[in-house]
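Read the structure below first, then the notes.
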Amino acid sequence: MRRRTAIGILIALLLGPVGSAGAAESYDIDQRFGAIAFTVRNFGMFHTDGSFRRFTGHLTIDEAHPGNTHVLVVIDMTSLATRWAEAANMLRGETYFDIAHFPQAQFESVSVTLTAPGQYDVAGRLTLRGVTQPILLHAALIDRHPSATPGAEDADFVITGDLRRSAFGMTADRTFVADRVDLRINARIRLEAPSHAG
Amino acid sequence: MPDDGAPAAAPPPVSWSRAQRRLHWWTAVLIPCGFLLAFVMVAWPLSDLLLKFLLYQAHKTIGLTVLVLVLWRLLLRARRGRPAADPDLPPWQARAAHIGHLVLYGLMLAVPVLGYFVAATAPAGVPTLFLLVIPVPHVVAPDEAAFGVLRAVHLSLATLLVVLAAGHAVMAVQHHRRGRTTLLRMWRGAATPPVR
Ligand code: HEM
Ligand code: HEM
């Protein structure tokens, strides 16, 4: 069964390789299972945050080789949202995300390294405003609990990282809006519990 | 004899104190400045983010300064009182002036307090930084619906305040032209004339 061994895979992912061999498992990622949020400081005194409400992606976990874990996420830039609608309009504009020309952003992992139990460094490439730059994200497993779907289990991850927006050619309002943008991504992976041991 | 009797029993002072006069003129300068600045800051384009932010902070700083100055002024007035009106002023005029001044004081308190709540409920979630460096905590969260109402009331009462203050200034000049010392008393601290 496709997800029978998911728990085992997760444990493999958490603890490093275990003996058993198995095929790569694949998970869909989208806004139903997570959120992509960003925060930027203004004037060094306060911050503004926003999020992307729609994205799609794919996570592949190779049970035998956790290092081969691969993730690809495509973000729908039109789904940008902020608490204040006018700020979102400004961010969609040419001087910021320029979504008329670049309606999508993309993240693709290059390598995933286990640094401690439940802690991963995810190195990858981020494409924003048509510019591709390397980026390092940090993923932490924060919780595992029974899912709302009977018999399944959810693993919650928090993925953090930051980028320099100027590296993507986004240089507007540098005196007011900091160059560094912090990312915070919540992701939930739904694992189906094995129906019987083994 | 030491001046320690009940305030009500003390005779009114013969003139405005220097502090009372200074506070009056500072508010008279700051209120029109804050009022005009409000329209500039609202119209300023969002694309010029830093300057728009600075204009808002200037407006809020001016408004909060007015609030502090008015509270100080009311404290002095409660403790020290104010000089009596000209003895020959028709009673209806004295009464009208008294009511007018009360309304001005009320508006000078209400407009900045409302302004504070406009700032706190604004959906942009921009903090209030007094003099650009002292954060003034917002006790209520951003709320679009409340913001819309508060903003309209803040604007209306601010307009009423400025219109009434202008009428008040015209009246003060009128008294001056007719030879009364009302304006000189506020300007230079002259004493109320004795009964003629
Ligand atoms: C003497 C005191 C004040 C006066 C005469 C005054 C006057 C005004 C006026 C006329 C407007 C309307 C502008 C418009 O909507 O076109 C306004 C808006 C505003 N005021 Fe004040 N104000 C005063 C104090 C304050 C204070 C103390 C604060 C905050 C701490 C404040 C915050 C605001 C904010 C946030 C707006 C809304 C601007 C917007 O709609 O984006 N004001 N004020
Ligand atoms: C925003 C502008 C102004 C405000 C809010 C304001 C407010 C007030 C208030 C509340 C009082 C009563 C003081 C008290 O009884 O404790 C007062 C007194 C006075 N104001 Fe103003 N004022 C303003 C501008 C002006 C201007 C521009 C003038 C002159 C051209 C002026 C002339 C006077 C005079 C002469 C008095 C003394 C009145 C008296 O002795 O009864 N004020 N003002």
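For the structure tokens, the naming scheme is as follows: chains receive sequential letters (A, B, ...) according to their order of presentation, residues are indexed from 1 within each chain, and ligands are indexed from 1 in presentation order.
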
Name all residues at most 12 Å from Ile99 (chain B) (count only C-alpha atoms; drop same-chain ones fewer than 6 positions away) and give them as an mmCIF file with C-alpha atoms, in the first residue's frame.
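Full text of result-v1.cif as output:
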```
data_model
loop_
_atom_site.group_PDB
_atom_site.id
_atom_site.type_symbol
_atom_site.label_atom_id
_atom_site.label_comp_id
_atom_site.auth_asym_id
_atom_site.auth_seq_id
_atom_site.Cartn_x
_atom_site.Cartn_y
_atom_site.Cartn_z
ATOM 1 C CA TRP B 92 -24.788 87.006 27.663
ATOM 2 C CA GLN B 93 -21.405 87.517 26.000
ATOM 3 C CA TYR B 105 -11.472 72.380 25.691
ATOM 4 C CA GLY B 106 -13.746 69.384 25.118
ATOM 5 C CA LEU B 164 -14.745 77.143 16.223
ATOM 6 C CA HIS B 168 -12.936 82.341 18.609
#
```

Exercise for the section: Write out as a PyMOL selection string each polymer residue whose atoms come within 12 Å of Pro135 (chain B), counting only C-alpha atoms; drop sequence neighbours fewer than 5 positions from it. Expected result: (chain A and resi 45-46) or (chain B and resi 57+60-61+126-130)

Practice task
Write down, as number ranges by chain, each residue of chain B that has any atom within 10 Å of an atom of chain A, counting only C-alpha atoms.
Solution key: B: 46-51, 53, 122-127, 129, 132-133, 135, 142, 144

When you look at region 149-155 of chain B with a cut-off of 12 Å (counting only C-alpha atoms), what residues show up, excluding the ones that are within fewer than 4 positions of it in the same chain? I need them as a CSV table (one decimal) with C-alpha atoms, in the first residue's frame.
```
chain,number,residue,atom,x,y,z
B,34,GLY,CA,-1.7,69.1,12.7
B,35,PHE,CA,-4.9,69.8,10.9
B,36,LEU,CA,-3.3,70.8,7.6
B,38,ALA,CA,-3.5,65.5,8.1
B,39,PHE,CA,-4.7,66.2,4.6
B,42,VAL,CA,-3.5,61.2,3.6
B,63,GLY,CA,-1.7,65.6,18.2
B,107,LEU,CA,-12.8,69.2,21.5
B,108,MET,CA,-9.1,69.7,22.2
B,109,LEU,CA,-9.3,66.5,24.4
B,110,ALA,CA,-11.7,64.5,22.2
B,111,VAL,CA,-9.9,65.0,18.9
B,112,PRO,CA,-6.4,63.7,19.9
B,113,VAL,CA,-8.0,60.8,21.9
B,114,LEU,CA,-10.0,59.8,18.9
B,115,GLY,CA,-6.9,60.2,16.8
B,116,TYR,CA,-5.1,57.7,19.0
B,117,PHE,CA,-7.9,55.2,18.4
B,118,VAL,CA,-7.9,55.9,14.7
B,119,ALA,CA,-4.2,55.1,14.7
B,120,ALA,CA,-4.6,52.0,16.8
B,121,THR,CA,-7.5,50.5,14.7
B,122,ALA,CA,-5.9,51.4,11.3
B,123,PRO,CA,-5.6,48.2,9.3
B,142,PRO,CA,-6.5,47.0,14.1
B,143,ASP,CA,-10.2,46.8,13.1
B,144,GLU,CA,-11.3,48.0,9.7
B,145,ALA,CA,-14.9,48.7,10.6
B,159,THR,CA,-12.9,70.3,11.5
B,160,LEU,CA,-15.4,71.6,14.1
B,161,LEU,CA,-12.5,72.4,16.4
B,162,VAL,CA,-10.6,74.4,13.8
```

Fill in the blank from the handout: Judged by only C-alpha atoms and all ligand atoms, the minimum distance to ligand 1 among B:Leu102, B:Ala19, B:Ile134, B:Val40 is found for B:Val40

Handout entry: DSSP-assigned strand (DSSP E) among chain B, expressed as an MDAnalysis selection string
Key = chainID B and resid 128:130 134:136
